[in-house]
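Peer 1: Input query_19.txt, format and content: compact mmCIF, C-alpha atoms.
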```
# COMPACT_ATOMS: atom_id res chain seq x y z
CA MET B 1204 -2.92 11.04 11.17
CA ILE B 1205 -2.77 7.78 9.20
CA LYS B 1206 0.52 7.09 7.47
CA GLN B 1207 0.64 6.11 3.83
CA LYS B 1208 1.96 2.65 4.70
CA ASP B 1209 -1.36 2.02 6.48
CA PHE B 1210 -3.56 3.03 3.55
CA PRO B 1211 -6.11 0.40 2.50
CA VAL B 1212 -5.21 -2.69 0.52
CA ILE B 1213 -7.32 -4.85 -1.79
CA THR B 1214 -7.76 -8.46 -0.69
CA GLY B 1215 -10.64 -9.83 -2.75
CA LEU B 1216 -12.11 -9.43 -6.23
CA GLY B 1217 -15.22 -10.66 -8.01
CA ILE B 1218 -16.33 -9.99 -11.56
CA ILE B 1219 -18.87 -10.95 -14.20
CA THR B 1220 -18.93 -9.60 -17.77
CA PRO B 1221 -19.99 -10.93 -21.17
CA GLN B 1222 -16.58 -12.62 -21.17
CA GLY B 1223 -17.56 -14.93 -18.33
CA GLN B 1224 -18.33 -15.34 -14.66
CA GLY B 1225 -15.37 -15.15 -12.30
CA LYS B 1226 -11.83 -13.79 -12.36
CA SER B 1227 -10.22 -16.70 -14.18
CA ASP B 1228 -12.64 -16.79 -17.11
CA VAL B 1229 -12.79 -13.02 -17.51
CA LEU B 1230 -9.00 -12.61 -17.44
CA LYS B 1231 -8.51 -15.39 -19.99
CA GLU B 1232 -10.99 -13.79 -22.37
CA LEU B 1233 -9.58 -10.29 -21.87
CA ILE B 1234 -6.06 -11.43 -22.67
CA ALA B 1235 -7.34 -13.26 -25.76
CA GLY B 1236 -9.23 -10.12 -26.80
CA ASN B 1237 -12.55 -11.93 -27.12
CA SER B 1238 -15.52 -9.57 -27.34
CA TYR B 1239 -19.19 -10.54 -27.58
CA PHE B 1240 -20.88 -7.55 -29.17
CA SER B 1241 -24.07 -8.24 -31.11
CA THR B 1242 -27.61 -6.96 -31.49
CA MET B 1243 -28.99 -7.17 -27.95
CA LYS B 1244 -31.80 -9.65 -27.27
CA ARG B 1245 -32.74 -9.20 -23.62
CA ASP B 1246 -36.44 -8.39 -23.10
CA GLY B 1247 -37.10 -4.67 -22.91
CA ARG B 1248 -34.05 -3.57 -24.90
CA GLN B 1249 -35.58 -3.24 -28.38
CA LYS B 1250 -38.69 -1.58 -29.86
CA ASN B 1251 -38.36 -1.76 -33.64
CA SER B 1252 -34.66 -1.10 -33.07
CA SER B 1253 -31.36 -2.97 -33.22
CA PHE B 1254 -29.21 -1.58 -30.42
CA VAL B 1255 -25.75 -3.10 -30.23
CA GLY B 1256 -24.22 -4.25 -26.97
CA ALA B 1257 -22.75 -7.16 -25.04
CA GLU B 1258 -24.99 -9.19 -22.74
CA ILE B 1259 -24.08 -11.66 -20.01
CA ALA B 1260 -25.04 -15.29 -20.49
CA HIS B 1261 -27.29 -16.92 -17.90
CA PRO B 1262 -25.37 -16.57 -14.60
CA LEU B 1263 -24.61 -19.66 -12.54
CA ILE B 1264 -25.63 -19.61 -8.88
CA PRO B 1265 -23.06 -21.35 -6.63
CA LYS B 1266 -24.45 -24.20 -4.54
CA GLU B 1267 -23.65 -22.25 -1.36
CA LEU B 1268 -26.26 -19.61 -2.24
CA PRO B 1269 -30.01 -20.32 -1.93
CA THR B 1270 -31.61 -20.28 -5.38
CA SER B 1271 -35.01 -19.46 -3.88
CA THR B 1272 -33.72 -16.05 -2.75
CA PHE B 1273 -32.74 -15.20 -6.32
CA ARG B 1274 -36.21 -15.78 -7.80
CA THR B 1275 -37.61 -12.40 -6.80
CA ALA B 1276 -34.32 -10.51 -7.24
CA SER B 1277 -33.57 -8.34 -10.27
CA LEU B 1278 -30.72 -9.22 -12.60
CA SER B 1279 -28.71 -6.31 -11.14
CA SER B 1280 -29.22 -7.72 -7.63
CA GLN B 1281 -28.34 -11.27 -8.68
CA LEU B 1282 -25.09 -10.21 -10.33
CA ALA B 1283 -24.13 -8.13 -7.30
CA ALA B 1284 -24.61 -11.14 -5.03
CA LEU B 1285 -22.54 -13.35 -7.35
CA VAL B 1286 -19.53 -11.02 -7.49
CA VAL B 1287 -19.69 -10.40 -3.74
CA HIS B 1288 -19.66 -14.17 -3.22
CA GLU B 1289 -16.49 -14.56 -5.30
CA ALA B 1290 -14.67 -11.70 -3.57
CA TRP B 1291 -15.93 -12.83 -0.14
CA GLN B 1292 -14.55 -16.32 -0.63
CA GLU B 1293 -11.15 -15.04 -1.76
CA ALA B 1294 -10.79 -12.58 1.11
CA LYS B 1295 -12.04 -15.16 3.66
CA CYS B 1296 -14.64 -12.78 5.03
CA ASP B 1297 -16.30 -15.56 7.04
CA GLU B 1298 -13.44 -15.02 9.52
CA ILE B 1299 -14.53 -11.41 10.16
CA LYS B 1300 -17.19 -10.19 12.59
CA PRO B 1301 -20.37 -9.27 10.65
CA ASN B 1302 -20.76 -5.84 12.28
CA SER B 1303 -17.29 -4.76 11.14
CA ILE B 1304 -18.04 -5.43 7.44
CA GLY B 1305 -19.65 -2.68 5.37
CA LEU B 1306 -21.10 -2.62 1.86
CA ILE B 1307 -21.18 0.23 -0.67
CA ILE B 1308 -23.12 -0.16 -3.90
CA GLY B 1309 -21.91 2.07 -6.73
CA GLY B 1310 -24.75 3.21 -8.98
CA THR B 1311 -28.27 4.62 -9.01
CA ASN B 1312 -31.33 3.93 -11.21
CA LEU B 1313 -29.89 0.47 -11.72
CA GLN B 1314 -32.97 -1.57 -12.59
CA GLN B 1315 -34.68 0.49 -15.29
CA ARG B 1316 -35.31 -2.36 -17.72
CA GLU B 1317 -36.96 -4.69 -15.23
CA ASN B 1318 -39.01 -1.87 -13.74
CA MET B 1319 -40.19 -0.89 -17.23
CA LEU B 1320 -41.18 -4.46 -18.07
CA LEU B 1321 -43.18 -4.79 -14.87
CA GLN B 1322 -44.92 -1.45 -15.36
CA GLU B 1323 -45.84 -2.36 -18.94
CA LYS B 1324 -47.13 -5.75 -17.87
CA PHE B 1325 -49.53 -4.20 -15.34
CA ALA B 1326 -50.36 -1.01 -17.26
CA GLU B 1327 -53.97 -2.14 -17.80
CA LYS B 1328 -54.34 -3.73 -14.36
CA PRO B 1329 -52.14 -1.67 -12.00
CA HIS B 1330 -53.86 -2.92 -8.83
CA PHE B 1331 -52.52 -6.41 -9.52
CA ILE B 1332 -48.86 -5.44 -9.40
CA LYS B 1333 -46.90 -7.62 -6.97
CA PRO B 1334 -46.32 -6.09 -3.52
CA TYR B 1335 -42.58 -6.85 -3.66
CA TYR B 1336 -42.30 -4.16 -6.35
CA GLY B 1337 -42.52 -1.70 -3.46
CA LEU B 1338 -39.09 -2.96 -2.40
CA SER B 1339 -37.46 -4.14 -5.59
CA PHE B 1340 -37.71 -0.89 -7.58
CA MET B 1341 -35.29 0.71 -5.10
CA ASP B 1342 -31.53 0.26 -5.45
CA SER B 1343 -31.39 -0.48 -1.72
CA ASP B 1344 -32.90 -3.88 -2.55
CA ILE B 1345 -29.42 -4.86 -3.79
CA ILE B 1346 -28.09 -4.06 -0.33
CA GLY B 1347 -30.90 -6.12 1.19
CA LEU B 1348 -30.10 -9.19 -0.89
CA CYS B 1349 -26.33 -9.05 -0.30
CA THR B 1350 -26.49 -8.34 3.41
CA GLU B 1351 -29.04 -11.12 3.94
CA LEU B 1352 -26.97 -13.66 2.00
CA PHE B 1353 -23.62 -12.81 3.59
CA ASN B 1354 -24.65 -11.70 7.09
CA ILE B 1355 -23.18 -8.20 6.62
CA ARG B 1356 -24.08 -6.00 9.59
CA GLY B 1357 -21.90 -2.90 9.22
CA THR B 1358 -22.57 0.39 7.46
CA CYS B 1359 -24.27 -0.07 4.06
CA PHE B 1360 -25.41 2.45 1.45
CA THR B 1361 -25.48 3.33 -2.25
CA VAL B 1362 -23.63 6.15 -4.01
CA GLY B 1363 -24.10 7.51 -7.52
CA GLY B 1364 -21.90 9.35 -9.96
CA ALA B 1365 -23.16 8.32 -13.41
CA SER B 1366 -20.42 6.37 -15.24
CA ALA B 1367 -17.96 7.13 -12.43
CA SER B 1368 -20.18 5.47 -9.80
CA GLY B 1369 -18.08 2.33 -9.41
CA GLN B 1370 -14.90 4.27 -8.79
CA ILE B 1371 -16.58 6.85 -6.55
CA ALA B 1372 -17.98 3.99 -4.43
CA PHE B 1373 -14.44 2.62 -4.25
CA ILE B 1374 -13.05 5.97 -3.09
CA ARG B 1375 -15.80 6.22 -0.49
CA GLY B 1376 -14.82 2.73 0.68
CA VAL B 1377 -11.18 3.78 1.00
CA LYS B 1378 -12.24 6.69 3.19
CA ALA B 1379 -14.45 4.43 5.32
CA ILE B 1380 -11.49 2.15 6.05
CA ILE B 1381 -9.17 5.05 6.87
CA SER B 1382 -11.74 6.67 9.19
CA GLY B 1383 -12.32 3.40 11.03
CA GLU B 1384 -15.99 3.36 10.03
CA MET B 1385 -15.45 -0.19 8.75
CA ASP B 1386 -12.74 -2.82 9.22
CA VAL B 1387 -13.61 -4.34 5.85
CA CYS B 1388 -15.50 -2.66 3.03
CA ILE B 1389 -17.08 -4.49 0.09
CA VAL B 1390 -17.49 -2.18 -2.89
CA VAL B 1391 -19.78 -3.20 -5.76
CA GLY B 1392 -19.90 -1.52 -9.15
CA ALA B 1393 -23.46 -2.60 -9.88
CA MET B 1394 -24.89 -3.49 -13.27
CA GLN B 1395 -26.94 -0.66 -14.76
CA ASP B 1396 -29.73 -2.49 -16.54
CA LEU B 1397 -30.81 -0.22 -19.41
CA SER B 1398 -34.18 -0.39 -21.12
CA PHE B 1399 -35.07 0.72 -24.62
CA TYR B 1400 -35.84 4.22 -23.34
CA GLU B 1401 -32.37 4.84 -21.90
CA LEU B 1402 -30.72 3.33 -24.97
CA TYR B 1403 -32.79 5.49 -27.29
CA ALA B 1404 -32.05 8.66 -25.30
CA LEU B 1405 -28.31 7.96 -25.13
CA GLU B 1406 -28.26 7.39 -28.87
CA ALA B 1407 -30.17 10.64 -29.43
CA LEU B 1408 -27.62 12.47 -27.25
CA GLY B 1409 -24.88 11.27 -29.58
CA ALA B 1410 -23.17 9.41 -26.75
CA MET B 1411 -23.88 5.85 -27.92
CA VAL B 1412 -23.29 4.00 -31.19
CA SER B 1413 -26.38 4.14 -33.40
CA SER B 1414 -28.92 1.33 -33.51
CA GLY B 1415 -28.48 -1.05 -36.41
CA HIS B 1416 -24.68 -0.83 -36.72
CA PRO B 1417 -23.78 -3.03 -39.71
CA ASN B 1418 -20.97 -4.86 -37.88
CA PRO B 1419 -21.41 -5.05 -34.08
CA LYS B 1420 -17.94 -6.56 -33.61
CA LEU B 1421 -16.39 -3.39 -35.03
CA ALA B 1422 -18.71 -0.89 -33.34
CA CYS B 1423 -16.76 -0.45 -30.10
CA ARG B 1424 -13.50 1.37 -30.86
CA PRO B 1425 -12.22 3.62 -28.03
CA TYR B 1426 -9.33 5.94 -28.93
CA ASP B 1427 -9.73 5.13 -32.64
CA GLN B 1428 -10.27 7.91 -35.18
CA ASN B 1429 -13.37 6.11 -36.51
CA ARG B 1430 -15.13 5.80 -33.13
CA GLN B 1431 -18.84 6.67 -33.10
CA GLY B 1432 -19.74 6.53 -29.41
CA PHE B 1433 -19.84 3.98 -26.62
CA VAL B 1434 -21.26 0.47 -26.84
CA TYR B 1435 -23.19 -0.79 -23.82
CA GLY B 1436 -21.95 -3.89 -22.00
CA GLU B 1437 -23.51 -5.63 -19.02
CA SER B 1438 -21.04 -6.07 -16.17
CA CYS B 1439 -20.64 -6.08 -12.41
CA ALA B 1440 -17.64 -6.22 -10.07
CA ALA B 1441 -16.83 -6.38 -6.36
CA ILE B 1442 -13.69 -5.23 -4.56
CA ILE B 1443 -12.82 -5.88 -0.92
CA LEU B 1444 -10.85 -3.24 0.97
CA GLU B 1445 -9.28 -3.40 4.41
CA SER B 1446 -6.45 -1.66 6.21
CA ASN B 1447 -2.93 -2.92 5.58
CA LEU B 1448 -2.55 -3.74 9.28
CA HIS B 1449 -5.88 -5.62 9.36
CA ALA B 1450 -4.84 -7.70 6.34
CA ASP B 1451 -1.46 -8.45 7.90
CA LYS B 1452 -3.09 -9.64 11.12
CA ARG B 1453 -5.31 -11.98 9.11
CA GLY B 1454 -2.41 -13.19 6.96
CA ILE B 1455 -4.43 -12.55 3.82
CA SER B 1456 -2.96 -12.08 0.33
CA LYS B 1457 -3.06 -8.56 -1.16
CA TYR B 1458 -3.40 -7.36 -4.73
CA ALA B 1459 -2.41 -3.73 -4.29
CA GLN B 1460 -2.33 -0.80 -1.92
CA VAL B 1461 -4.35 2.35 -2.64
CA LEU B 1462 -1.99 5.32 -2.36
CA GLY B 1463 -3.86 8.15 -4.06
CA TRP B 1464 -7.35 9.20 -5.11
CA ASP B 1465 -9.31 12.26 -6.10
CA MET B 1466 -12.80 13.20 -7.21
CA LEU B 1467 -14.11 16.60 -8.23
CA CYS B 1468 -16.88 18.25 -10.23
CA HIS B 1469 -16.44 20.85 -12.97
CA GLY B 1470 -19.96 22.23 -12.71
CA ASN B 1471 -21.63 21.30 -15.99
CA ARG B 1472 -25.00 19.62 -16.36
CA ASN B 1473 -24.39 18.82 -20.03
CA PRO B 1474 -22.44 15.69 -21.11
CA ALA B 1475 -19.35 17.75 -21.89
CA PRO B 1476 -15.94 16.78 -20.46
CA SER B 1477 -13.51 19.32 -19.03
CA LEU B 1478 -9.83 19.10 -19.90
CA ALA B 1479 -8.90 21.24 -16.89
CA ALA B 1480 -10.90 19.06 -14.48
CA GLU B 1481 -9.51 15.79 -15.86
CA MET B 1482 -5.98 17.12 -15.58
CA GLN B 1483 -6.61 18.35 -12.05
CA THR B 1484 -7.96 15.03 -10.77
CA ILE B 1485 -5.01 13.17 -12.31
CA GLN B 1486 -2.48 15.59 -10.85
CA ASN B 1487 -4.14 15.61 -7.42
CA CYS B 1488 -4.18 11.80 -7.36
CA LEU B 1489 -0.51 11.49 -8.31
CA SER B 1490 0.48 14.17 -5.81
CA MET B 1491 -1.34 12.38 -3.00
CA ALA B 1492 0.39 9.12 -3.88
CA GLY B 1493 3.78 10.83 -4.07
CA PHE B 1494 4.28 9.70 -7.67
CA ASN B 1495 5.83 11.56 -10.56
CA PRO B 1496 4.15 10.84 -13.92
CA GLU B 1497 7.08 8.70 -15.07
CA GLN B 1498 6.55 6.36 -12.10
CA ILE B 1499 3.15 5.31 -13.46
CA ASP B 1500 3.74 2.35 -15.77
CA TYR B 1501 0.10 1.53 -16.54
CA VAL B 1502 -3.09 3.56 -17.05
CA ASN B 1503 -6.59 2.15 -17.42
CA PRO B 1504 -8.49 5.13 -18.89
CA HIS B 1505 -12.20 5.91 -19.09
CA SER B 1506 -11.98 5.50 -22.90
CA THR B 1507 -15.62 5.02 -23.88
CA GLY B 1508 -15.38 5.66 -27.63
CA SER B 1509 -17.10 9.04 -27.29
CA LEU B 1510 -15.97 11.56 -29.90
CA ILE B 1511 -15.29 14.46 -27.56
CA GLY B 1512 -14.74 12.34 -24.43
CA ASP B 1513 -11.85 10.30 -25.83
CA GLN B 1514 -10.21 13.35 -27.38
CA THR B 1515 -10.36 15.27 -24.10
CA GLU B 1516 -9.02 12.37 -22.06
CA ILE B 1517 -6.14 11.80 -24.48
CA GLU B 1518 -5.17 15.47 -24.23
CA ALA B 1519 -5.30 15.23 -20.43
CA LEU B 1520 -3.02 12.18 -20.41
CA ILE B 1521 -0.52 13.89 -22.71
CA LYS B 1522 -0.53 17.16 -20.77
CA CYS B 1523 -0.09 15.22 -17.51
CA GLN B 1524 3.01 13.57 -19.05
CA LEU B 1525 1.66 10.03 -18.91
CA THR B 1526 2.95 9.19 -22.36
CA ASP B 1527 5.35 6.43 -21.26
CA ALA B 1528 2.82 4.34 -19.33
CA TYR B 1529 1.17 1.42 -21.09
CA ILE B 1530 -2.50 2.11 -21.80
CA ASN B 1531 -5.24 -0.29 -22.87
CA THR B 1532 -8.99 0.13 -23.18
CA THR B 1533 -10.96 -2.46 -21.23
CA LYS B 1534 -14.24 -1.13 -22.64
CA SER B 1535 -13.10 -2.08 -26.15
CA ILE B 1536 -13.60 -5.71 -25.04
CA THR B 1537 -16.30 -5.59 -22.35
CA GLY B 1538 -18.31 -2.59 -23.53
CA HIS B 1539 -19.30 0.31 -21.26
CA GLY B 1540 -20.92 -0.88 -18.04
CA LEU B 1541 -21.84 2.67 -16.96
CA SER B 1542 -22.26 2.44 -13.13
CA ALA B 1543 -20.17 -0.73 -13.04
CA ALA B 1544 -17.35 0.52 -15.26
CA GLY B 1545 -15.08 2.07 -12.62
CA ALA B 1546 -15.09 -1.07 -10.47
CA VAL B 1547 -14.78 -3.43 -13.46
CA GLU B 1548 -11.70 -1.54 -14.65
CA ILE B 1549 -10.05 -1.63 -11.23
CA VAL B 1550 -10.57 -5.40 -11.18
CA SER B 1551 -9.27 -5.67 -14.76
CA THR B 1552 -6.17 -3.68 -13.80
CA LEU B 1553 -5.38 -5.89 -10.80
CA LEU B 1554 -6.00 -9.15 -12.67
CA GLN B 1555 -3.64 -8.03 -15.42
CA ALA B 1556 -1.05 -7.01 -12.82
CA ARG B 1557 -1.12 -10.43 -11.19
CA ALA B 1558 -0.92 -12.19 -14.57
CA GLN B 1559 1.84 -9.83 -15.75
CA LEU B 1560 -0.04 -9.51 -19.03
CA LEU B 1561 -1.89 -6.58 -20.60
CA HIS B 1562 -4.92 -7.23 -22.77
CA PRO B 1563 -5.15 -5.76 -26.29
CA CYS B 1564 -7.13 -2.73 -27.44
CA LEU B 1565 -9.72 -3.96 -29.92
CA ASN B 1566 -10.50 -2.12 -33.16
CA LEU B 1567 -7.62 0.30 -32.65
CA GLU B 1568 -6.76 0.72 -36.32
CA LYS B 1569 -6.11 4.48 -36.44
CA PRO B 1570 -5.23 5.80 -32.97
CA VAL B 1571 -6.37 9.35 -32.22
CA SER B 1572 -2.86 10.09 -30.95
CA THR B 1573 0.56 8.61 -31.61
CA PHE B 1574 1.95 10.14 -28.42
CA LEU B 1575 0.43 7.53 -26.09
CA ASN B 1576 1.92 4.11 -25.39
CA LEU B 1577 -1.17 2.13 -26.40
CA VAL B 1578 -1.26 -1.66 -26.37
CA SER B 1579 -2.21 -2.70 -29.89
CA ASN B 1580 -4.28 -5.69 -31.05
CA GLU B 1581 -2.30 -8.35 -29.15
CA ALA B 1582 -1.66 -8.90 -25.46
CA ILE B 1583 1.81 -8.03 -24.17
CA ARG B 1584 3.84 -9.04 -21.14
CA HIS B 1585 4.35 -6.34 -18.54
CA ILE B 1586 5.32 -6.32 -14.86
CA MET B 1587 3.06 -3.63 -13.42
CA GLN B 1588 4.27 -1.59 -10.46
CA ASN B 1589 2.21 1.59 -10.19
CA ALA B 1590 -1.17 1.97 -11.87
CA LEU B 1591 -3.69 4.76 -12.45
CA CYS B 1592 -7.42 4.23 -13.17
CA LEU B 1593 -9.68 7.02 -14.45
CA SER B 1594 -13.48 7.38 -14.43
CA PHE B 1595 -15.61 10.27 -15.64
CA GLY B 1596 -19.37 10.72 -15.58
CA PHE B 1597 -22.17 12.95 -16.81
CA SER B 1598 -22.86 16.05 -14.70
CA GLY B 1599 -19.19 16.98 -14.61
CA ILE B 1600 -17.98 14.16 -12.34
CA ASN B 1601 -14.27 13.25 -12.49
CA SER B 1602 -12.35 10.70 -10.43
CA SER B 1603 -9.04 8.88 -10.33
CA VAL B 1604 -7.33 6.22 -8.20
CA CYS B 1605 -3.66 5.30 -7.93
CA PHE B 1606 -2.30 1.88 -6.84
CA LYS B 1607 0.98 0.34 -5.86
CA ILE B 1608 0.92 -3.28 -6.98
CA ILE B 1609 1.89 -5.86 -4.35
CA GLU B 1610 3.76 -8.83 -5.79
```
Go ahead and render the structure in this file as structure tokens.

Peer 2:
Amino acid sequence: MIKQKDFPVITGLGIITPQGQGKSDVLKELIAGNSYFSTMKRDGRQKNSSFVGAEIAHPLIPKELPTSTFRTASLSSQLAALVVHEAWQEAKCDEIKPNSIGLIIGGTNLQQRENMLLQEKFAEKPHFIKPYYGLSFMDSDIIGLCTELFNIRGTCFTVGGASASGQIAFIRGVKAIISGEMDVCIVVGAMQDLSFYELYALEALGAMVSSGHPNPKLACRPYDQNRQGFVYGESCAAIILESNLHADKRGISKYAQVLGWDMLCHGNRNPAPSLAAEMQTIQNCLSMAGFNPEQIDYVNPHSTGSLIGDQTEIEALIKCQLTDAYINTTKSITGHGLSAAGAVEIVSTLLQARAQLLHPCLNLEKPVSTFLNLVSNEAIRHIMQNALCLSFGFSGINSSVCFKIIE
């Protein structure tokens, strides 16, 4: 049986959000509390509407990657390749045998906007649709692009869990390392590219801030009494996992060690959170890691800005006695990346830990609870030791991950 000291460690990170491309730019903007919410302009997002969100500027393709390969790739695929490239370089994956590296893509139904645009374009002449659509409409095309670019030859697949997809992919990667299925696992929280139809439906559900918000900068307000739902934000992140022993043999730097994790379902098709399930996944995760609640000094919560979701999560944190840990809401700056969110927030946590700084919570004017140790509207200095990240998704999906930070 594997001992806790041999649990997987994190050796590489890659990220792209509306704040920038790459760890350095994103961290700088997070700490400064710079958000980029506005009326979205990407093709396929609006139909006589004004949905608010945060979109990524035109991504830059590093000279090491062939631009020709990107031309037929969706935006979700391109961003996945870019974050894998950043994490790959940091973890020095070129040193590793290709058949011992695996890839897990977190997310399903990732390319809805581009698929919709293509279908609309050829609605009157369907027999002229490009043959490559037969490949590109599938999420596995993201695997194809990344494995071709980086010569990955190990186990590769996608996993889905709604807004918890990124973290569930991460947990599946942890298990793959422990089982010996892979020596190195690259986990990607992929960008979920929403079209008008998904945006409209999410608004109609009451989950998302209404179209035409008078002040987009103030629309995203997790944990605030005046929250009105989540605000969409494009994002993508990659995390590289390997065993502690494997990393030591390679002499590679480590961000953190994964000591605890849990994922469970509370059996509800409706978008309704469960206090009991959220508490259980937190408690199971802490128990596995061998931590008491007071040993956790930082929590990155799910914190979408949902009326019932935020309230339920706050109650879970209080009942699990996590009231002393610092808490900040990454989504208040980046927006909600849906499938990508769990991975983006793990990367955010580890970047903050290394910088010994915690980013602010934007638009937190009237906190829902005064019992939590929330970072306010300015960054603060903090030496992180033990961190907890939470992700919840539609269909009753709950997950959590616990880290010990490595200095």

Peer 1: Atom CA of Ala1543 of chain B to atom CA of Cys1439 of chain B: how many Å, to one decimal?

Peer 2: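 Computed distance, atom CA of Ala1543 of chain B to atom CA of Cys1439 of chain B, equals 5.4 Å.
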
Peer 1: For Val1212 of chain B, work out the shell of residues within 8 Å, counting all atoms listed in the file and skipping chain neighbours fewer than 5 positions away, then give it as a list in words.

Peer 2: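 Using all atoms listed in the file, the neighbours found are Leu1444, Glu1445, Ser1446, Asn1447, Ala1450, Lys1457, Tyr1458, Ala1459, Gln1460 and Val1461 of chain B.
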
Peer 1: Residues within 7 Å of segment 1559-1570 of chain B, please, as an MDAnalysis selection string. Count only C-alpha atoms; anything in the same chain fewer than 3 positions from it doesn't count.

Peer 2: chainID B and resid 1233:1234 1236 1421 1424 1426:1428 1531:1532 1535:1536 1555:1556 1573 1578:1587

Peer 1: Which residues are near segment 1387-1398 of chain B? Cut-off 7 Å, all atoms listed in the file, ignore same chain within fewer than 4 positions. Put them as a ChimeraX atom specification.

Peer 2: /B:1247-1248,1279,1283,1303-1310,1313-1316,1369,1372-1373,1376,1380,1402,1437-1445,1540-1547

Peer 1: Counting all atoms listed in the file, note down every residue that has an atom within 12 Å of the point (-12.8, 18.8, -11.6) (file coordinates), as an MDAnalysis selection string.

Peer 2: chainID B and resid 1465:1471 1476:1488 1594:1596 1598:1603

Peer 1: For the residues in the current selection, export C-alpha atoms as a compact mmCIF listing (two decimals), keeping the file's coordinate frame.

Peer 2:
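Contents of again16.txt, freshly written:
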```txt
# COMPACT_ATOMS: atom_id res chain seq x y z
CA ASP B 1465 -9.31 12.26 -6.10
CA MET B 1466 -12.80 13.20 -7.21
CA LEU B 1467 -14.11 16.60 -8.23
CA CYS B 1468 -16.88 18.25 -10.23
CA HIS B 1469 -16.44 20.85 -12.97
CA GLY B 1470 -19.96 22.23 -12.71
CA ASN B 1471 -21.63 21.30 -15.99
CA PRO B 1476 -15.94 16.78 -20.46
CA SER B 1477 -13.51 19.32 -19.03
CA LEU B 1478 -9.83 19.10 -19.90
CA ALA B 1479 -8.90 21.24 -16.89
CA ALA B 1480 -10.90 19.06 -14.48
CA GLU B 1481 -9.51 15.79 -15.86
CA MET B 1482 -5.98 17.12 -15.58
CA GLN B 1483 -6.61 18.35 -12.05
CA THR B 1484 -7.96 15.03 -10.77
CA ILE B 1485 -5.01 13.17 -12.31
CA GLN B 1486 -2.48 15.59 -10.85
CA ASN B 1487 -4.14 15.61 -7.42
CA CYS B 1488 -4.18 11.80 -7.36
CA SER B 1594 -13.48 7.38 -14.43
CA PHE B 1595 -15.61 10.27 -15.64
CA GLY B 1596 -19.37 10.72 -15.58
CA SER B 1598 -22.86 16.05 -14.70
CA GLY B 1599 -19.19 16.98 -14.61
CA ILE B 1600 -17.98 14.16 -12.34
CA ASN B 1601 -14.27 13.25 -12.49
CA SER B 1602 -12.35 10.70 -10.43
CA SER B 1603 -9.04 8.88 -10.33
```

Peer 1: Just give me the gap between atom CA of Ala1276 of chain B and atom CA of Thr1350 of chain B in Å, one decimal is fine.

Peer 2: 13.4 Å

Peer 1: Between B:Thr1270, B:Val1571, B:Gly1493, B:Ile1299, which is the closest to Arg1430 of chain B once you count only C-alpha atoms?

Peer 2: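 Checking each of B:Thr1270, B:Val1571, B:Gly1493, B:Ile1299 against Arg1430 of chain B, counting only C-alpha atoms, the winner is B:Val1571.
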
Peer 1: For Ser1490 of chain B, which of B:Lys1226, B:Leu1462, B:Asp1513, B:Thr1537 is the closest residue, counting all atoms listed in the file?

Peer 2: B:Leu1462

Peer 1: Taking into account only C-alpha atoms, which residue in the set B:Asp1344, B:Glu1232, B:Asp1451, B:Glu1267 is nearest to Ile1213 of chain B?

Peer 2: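 Comparing B:Asp1344, B:Glu1232, B:Asp1451, B:Glu1267 against Ile1213 of chain B, the winner is B:Asp1451.
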
Peer 1: What gap, in Å, lies between atom CA of Val1434 of chain B and atom CA of Thr1507 of chain B?

Peer 2: 7.8 Å

Peer 1: May I ask which of the residues B:Ser1456, B:Gln1370, B:Ser1382, B:Ser1238 is the closest one to Ala1294 of chain B, counting only C-alpha atoms?

Peer 2: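 Distance minimum relative to Ala1294 of chain B lands on B:Ser1456.
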
Peer 1: Within 12 Å of Phe1494 of chain B, counting only C-alpha atoms, which residues qualify if same-chain residues fewer than 2 places away don't, as a list in words?

Peer 2: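 In the requested form, the answer reads Leu1462, Gly1463, Trp1464, Ile1485, Gln1486, Asn1487, Cys1488, Leu1489, Ser1490, Met1491, Ala1492, Pro1496, Glu1497, Gln1498, Ile1499, Asp1500, Leu1525, Gln1588, Asn1589, Ala1590, Leu1591, Cys1605, Phe1606 and Lys1607 of chain B.
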
Peer 1: From the options B:Asp1228, B:Glu1548, B:Glu1401, B:Glu1516, which residue's atoms come nearest to Phe1254 of chain B, counting only C-alpha atoms?

Peer 2: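 Of B:Asp1228, B:Glu1548, B:Glu1401, B:Glu1516, the one nearest Phe1254 of chain B, counting only C-alpha atoms, is B:Glu1401.
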
Peer 1: Using all atoms listed in the file, which of B:Leu1230, B:Leu1405, B:Asp1209, B:Gln1281 sits nearest Thr1552 of chain B?

Peer 2: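 Among B:Leu1230, B:Leu1405, B:Asp1209, B:Gln1281, it is B:Leu1230 that comes nearest to Thr1552 of chain B.
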
Peer 1: Can you find the residues with an atom no farther than 7 Å from (-22.2, -8.5, -30.6), counting all atoms listed in the file, and report them as a ChimeraX atom specification?

Peer 2: /B:1239-1242,1255-1257,1419-1420
